[in-house]
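Worksheet: the structure to be examined is printed underneath.
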2 protein chains.
Amino acid sequence: MQEGTFSSHGHCRGTTARGDVFAADCPTRRLLDRIADKWSTLILLTLHDQPMRFNGLKRRIDGVSQKMLSQTLRSLERDGLVSRSVVATVPVSVTYAITPLGASLVASLRAMIDWAETRMPEVAAAQAAYDTISGRSVPEIA
Amino acid sequence: MQEGTFSSHGHCRGTTARGDVFAADCPTRRLLDRIADKWSTLILLTLHDQPMRFNGLKRRIDGVSQKMLSQTLRSLERDGLVSRSVVATVPVSVTYAITPLGASLVASLRAMIDWAETRMPEVAAAQAAYDTISGRSVPEIA
DNA sequence: CCGAATCCAGCTTGATACTG
DNA sequence: CAGTATCAAGCTGGATTCGG
């Protein structure tokens, strides 16, 4: 990240070719907040395999509420990461698919998930050690 | 993720070599929720460059509150991604550093941030298009 | 000066119920 | 099927305060 410029505050816009997530007021920060999100991640990963309908996604992504699914899908659609197509059948059927832009993000997301799924044992061990050494005083965050 | 098994629900534990983030009750899901987090991401990225003290992090990560910083750091420490070392100087000085485990995650995180910082224009364009077509009915999420 | 803990207002989340 | 509406609960962050 072009080190050297450790701009603690602010600037990000303007002539700069790219944003700076470390600046609170940079649009990039908001974007990061949206893609670095559990539901967004799982939705994009799922749609990368195949287009899917609302309830398909809901079934696939165990534990997501309708509200969060609907809300997150709209956000992803607005950001151009997911497309939404409506077919006026009897009960209207809506299909969601990933866009090329969305697909270009999936690799990183997948890497993150792969990390989580494979490194879990080490994390669990660290947690156990932490909870032991800290001697009970630390409440389970999980 | 051993594809093919589209286990909508549950299983993840047991004999399986790795977790399944799509299962709501899998510890991996909680882990994903913690690493797919704005503050965790920015903290890990920052510490990957160099160890840093609390207020150094606070200054670097524009907009983070003391509370969230302290809370997130404790969570990362518990998960073994960050180490905390105290030096009993006059005003005690506490330094945070990334662990090898944490460092092994940074590449994916950095990729995600790079994506956000470089693809922002396309996302902004998509938002503009969406907001126009949807005809005012959609309130700015940002 | 560094860092943690507390109180409080406000936003986000999720369960439930309801509509086209 | 595909959402929207509503409400209660929890989390977030700012300000303040306390301790070393």
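Chain labels run A, B, ... following the order of the structure tokens; each chain numbers its residues from 1, and ligands are numbered from 1 in the order shown.
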Mind listing as a PyMOL selection string which residues of chain A are within 7 Å of chain B, counting only C-alpha atoms? chain A and resi 8-9+18-20+22-24+28+31-33+36-38+59-63+78-80+105+108+111-113+115-118+120+123+126-127+130
Preceding selection exported with N, CA and C atoms as an mmCIF file, in the first residue's frame:
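Writing done, so here's result.cif:
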data_model
loop_
_atom_site.group_PDB
_atom_site.id
_atom_site.type_symbol
_atom_site.label_atom_id
_atom_site.label_comp_id
_atom_site.auth_asym_id
_atom_site.auth_seq_id
_atom_site.Cartn_x
_atom_site.Cartn_y
_atom_site.Cartn_z
ATOM 1 N N SER A 8 -2.288 10.014 8.801
ATOM 2 C CA SER A 8 -3.147 9.642 9.914
ATOM 3 C C SER A 8 -4.585 10.043 9.634
ATOM 4 N N HIS A 9 -4.747 11.198 9.087
ATOM 5 C CA HIS A 9 -6.101 11.676 8.911
ATOM 6 C C HIS A 9 -6.466 11.991 7.483
ATOM 7 N N ARG A 18 -6.149 5.996 -5.907
ATOM 8 C CA ARG A 18 -6.945 5.037 -5.146
ATOM 9 C C ARG A 18 -7.290 5.571 -3.769
ATOM 10 N N GLY A 19 -8.281 4.975 -3.170
ATOM 11 C CA GLY A 19 -8.720 5.411 -1.855
ATOM 12 C C GLY A 19 -7.798 4.967 -0.743
ATOM 13 N N ASP A 20 -8.166 5.314 0.445
ATOM 14 C CA ASP A 20 -7.372 4.947 1.611
ATOM 15 C C ASP A 20 -8.311 4.510 2.723
ATOM 16 N N PHE A 22 -7.775 3.700 5.548
ATOM 17 C CA PHE A 22 -7.419 4.155 6.889
ATOM 18 C C PHE A 22 -8.004 5.525 7.197
ATOM 19 N N ALA A 23 -8.495 6.176 6.194
ATOM 20 C CA ALA A 23 -9.157 7.459 6.401
ATOM 21 C C ALA A 23 -10.640 7.230 6.667
ATOM 22 N N ALA A 24 -11.080 7.742 7.782
ATOM 23 C CA ALA A 24 -12.460 7.486 8.201
ATOM 24 C C ALA A 24 -13.488 8.002 7.212
ATOM 25 N N THR A 28 -14.029 4.567 0.482
ATOM 26 C CA THR A 28 -13.464 3.227 0.498
ATOM 27 C C THR A 28 -13.677 2.548 1.844
ATOM 28 N N LEU A 31 -17.006 1.121 1.872
ATOM 29 C CA LEU A 31 -17.038 -0.056 1.013
ATOM 30 C C LEU A 31 -16.438 -1.262 1.741
ATOM 31 N N LEU A 32 -15.327 -1.029 2.397
ATOM 32 C CA LEU A 32 -14.700 -2.116 3.163
ATOM 33 C C LEU A 32 -15.666 -2.652 4.197
ATOM 34 N N ASP A 33 -16.357 -1.745 4.848
ATOM 35 C CA ASP A 33 -17.290 -2.154 5.879
ATOM 36 C C ASP A 33 -18.375 -3.059 5.304
ATOM 37 N N ALA A 36 -16.429 -6.479 4.002
ATOM 38 C CA ALA A 36 -15.905 -7.228 5.150
ATOM 39 C C ALA A 36 -17.065 -7.492 6.088
ATOM 40 N N ASP A 37 -17.982 -8.268 5.619
ATOM 41 C CA ASP A 37 -19.200 -8.535 6.364
ATOM 42 C C ASP A 37 -19.550 -9.998 6.184
ATOM 43 N N LYS A 38 -19.928 -10.618 7.253
ATOM 44 C CA LYS A 38 -20.255 -12.038 7.234
ATOM 45 C C LYS A 38 -21.256 -12.395 6.145
ATOM 46 N N ARG A 59 -31.800 -20.779 2.403
ATOM 47 C CA ARG A 59 -31.580 -22.146 2.855
ATOM 48 C C ARG A 59 -30.085 -22.455 2.928
ATOM 49 N N ARG A 60 -29.384 -21.998 1.926
ATOM 50 C CA ARG A 60 -27.952 -22.296 1.854
ATOM 51 C C ARG A 60 -27.168 -21.623 2.982
ATOM 52 N N ILE A 61 -27.498 -20.374 3.238
ATOM 53 C CA ILE A 61 -26.785 -19.622 4.255
ATOM 54 C C ILE A 61 -27.516 -19.754 5.578
ATOM 55 N N ASP A 62 -27.150 -20.784 6.251
ATOM 56 C CA ASP A 62 -27.805 -21.157 7.486
ATOM 57 C C ASP A 62 -27.729 -20.027 8.512
ATOM 58 N N GLY A 63 -28.894 -19.667 9.026
ATOM 59 C CA GLY A 63 -28.895 -18.700 10.115
ATOM 60 C C GLY A 63 -29.118 -17.257 9.720
ATOM 61 N N ARG A 78 -26.852 -2.749 -5.258
ATOM 62 C CA ARG A 78 -26.565 -1.325 -5.445
ATOM 63 C C ARG A 78 -25.090 -1.092 -5.738
ATOM 64 N N ASP A 79 -24.252 -1.876 -5.099
ATOM 65 C CA ASP A 79 -22.808 -1.737 -5.307
ATOM 66 C C ASP A 79 -22.345 -2.403 -6.595
ATOM 67 N N GLY A 80 -23.265 -3.054 -7.282
ATOM 68 C CA GLY A 80 -22.915 -3.666 -8.550
ATOM 69 C C GLY A 80 -22.196 -4.995 -8.441
ATOM 70 N N LEU A 105 -14.007 -10.086 -6.750
ATOM 71 C CA LEU A 105 -13.714 -9.980 -5.322
ATOM 72 C C LEU A 105 -13.689 -11.336 -4.640
ATOM 73 N N SER A 108 -10.452 -13.245 -3.061
ATOM 74 C CA SER A 108 -9.976 -12.788 -1.764
ATOM 75 C C SER A 108 -10.872 -13.288 -0.643
ATOM 76 N N ALA A 111 -10.322 -16.878 -0.028
ATOM 77 C CA ALA A 111 -9.070 -17.089 0.702
ATOM 78 C C ALA A 111 -9.276 -16.868 2.193
ATOM 79 N N MET A 112 -10.050 -15.847 2.500
ATOM 80 C CA MET A 112 -10.319 -15.539 3.900
ATOM 81 C C MET A 112 -11.082 -16.682 4.564
ATOM 82 N N ILE A 113 -12.062 -17.185 3.862
ATOM 83 C CA ILE A 113 -12.848 -18.285 4.403
ATOM 84 C C ILE A 113 -12.015 -19.551 4.519
ATOM 85 N N TRP A 115 -8.938 -19.683 5.039
ATOM 86 C CA TRP A 115 -8.106 -19.487 6.224
ATOM 87 C C TRP A 115 -8.888 -19.851 7.492
ATOM 88 N N ALA A 116 -10.101 -19.309 7.574
ATOM 89 C CA ALA A 116 -10.916 -19.557 8.763
ATOM 90 C C ALA A 116 -11.192 -21.046 8.947
ATOM 91 N N GLU A 117 -11.507 -21.699 7.849
ATOM 92 C CA GLU A 117 -11.884 -23.105 7.961
ATOM 93 C C GLU A 117 -10.700 -24.008 8.284
ATOM 94 N N THR A 118 -9.530 -23.614 7.836
ATOM 95 C CA THR A 118 -8.381 -24.491 8.077
ATOM 96 C C THR A 118 -7.599 -24.134 9.340
ATOM 97 N N MET A 120 -8.843 -22.854 12.084
ATOM 98 C CA MET A 120 -9.697 -22.866 13.267
ATOM 99 C C MET A 120 -9.062 -23.581 14.454
ATOM 100 N N VAL A 123 -6.668 -21.373 16.242
ATOM 101 C CA VAL A 123 -7.372 -20.298 16.941
ATOM 102 C C VAL A 123 -8.012 -20.832 18.222
ATOM 103 N N ALA A 126 -5.430 -21.215 20.790
ATOM 104 C CA ALA A 126 -5.038 -19.916 21.343
ATOM 105 C C ALA A 126 -6.071 -19.422 22.344
ATOM 106 N N GLN A 127 -7.314 -19.618 22.011
ATOM 107 C CA GLN A 127 -8.383 -19.182 22.912
ATOM 108 C C GLN A 127 -8.302 -19.932 24.234
ATOM 109 N N TYR A 130 -5.424 -18.643 26.210
ATOM 110 C CA TYR A 130 -5.733 -17.306 26.714
ATOM 111 C C TYR A 130 -6.671 -17.377 27.914
#
Give me every alpha helix (DSSP H) residue in chain B, going by DSSP on the backbone, as a PyMOL selection string. chain B and resi 27-35+38-49+54-60+66-78+100-133
For chain D, report every residue with an atom at most 8 Å from chain A (counting only C-alpha atoms (C1' of nucleotides)), formatted as a ChimeraX atom specification. /D:1-3
At a cut-off of 10 Å, list the chain C residues touching chain A, using only C-alpha atoms (C1' of nucleotides), as JSON, numbers by chain. {"C": [13, 14, 15, 20]}
Expected file: the selected residues, N, CA, C and O atoms (P, O5', C5', C4', C3', O3' and C1' of nucleotides), as a tab-separated table (two decimals), in the first residue's frame:
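Full text of part_29.tsv as output:
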chain	number	residue	atom	x	y	z
C	13	DT	P	-26.36	-4.84	10.81
C	13	DT	O5'	-27.19	-5.86	11.70
C	13	DT	C5'	-26.62	-6.31	12.93
C	13	DT	C4'	-27.60	-7.19	13.70
C	13	DT	C3'	-28.27	-8.27	12.86
C	13	DT	O3'	-27.85	-9.53	13.35
C	13	DT	C1'	-29.84	-7.11	14.25
C	14	DG	P	-28.32	-10.87	12.53
C	14	DG	O5'	-29.69	-11.30	13.24
C	14	DG	C5'	-29.69	-11.47	14.64
C	14	DG	C4'	-31.10	-11.74	15.14
C	14	DG	C3'	-31.89	-12.77	14.32
C	14	DG	O3'	-32.68	-13.53	15.21
C	14	DG	C1'	-33.10	-10.78	14.43
C	15	DA	P	-33.22	-14.98	14.73
C	15	DA	O5'	-34.71	-14.94	15.30
C	15	DA	C5'	-34.93	-14.44	16.62
C	15	DA	C4'	-36.41	-14.17	16.86
C	15	DA	C3'	-37.38	-15.16	16.19
C	15	DA	O3'	-38.41	-15.48	17.11
C	15	DA	C1'	-37.81	-12.94	15.44
C	20	DG	P	-51.27	-5.81	-0.28
C	20	DG	O5'	-50.47	-6.47	-1.49
C	20	DG	C5'	-49.35	-5.80	-2.05
C	20	DG	C4'	-48.70	-6.68	-3.11
C	20	DG	C3'	-49.67	-7.20	-4.16
C	20	DG	O3'	-49.01	-7.24	-5.42
C	20	DG	C1'	-48.61	-9.02	-3.13
Just asking: which residues within range 42-104 of chain B are strand (DSSP E) according to DSSP, as a PyMOL selection string? chain B and resi 52-53+82-87+93-98
Provide the CA of Pro51 in chain A to CA of Val82 in chain A distance in Å, to one decimal place.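 According to the coordinates, CA of Pro51 in chain A and CA of Val82 in chain A are separated by 9.7 Å.
Taking CA of Ile98 in chain B and C1' of DC2 in chain C as the two end points, the separation is 20.1 Å.
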Between C1' of DT4 in chain D and C1' of DA17 in chain C - distance in Å to one decimal: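 For C1' of DA17 in chain C relative to C1' of DT4 in chain D, the distance reads 10.6 Å.
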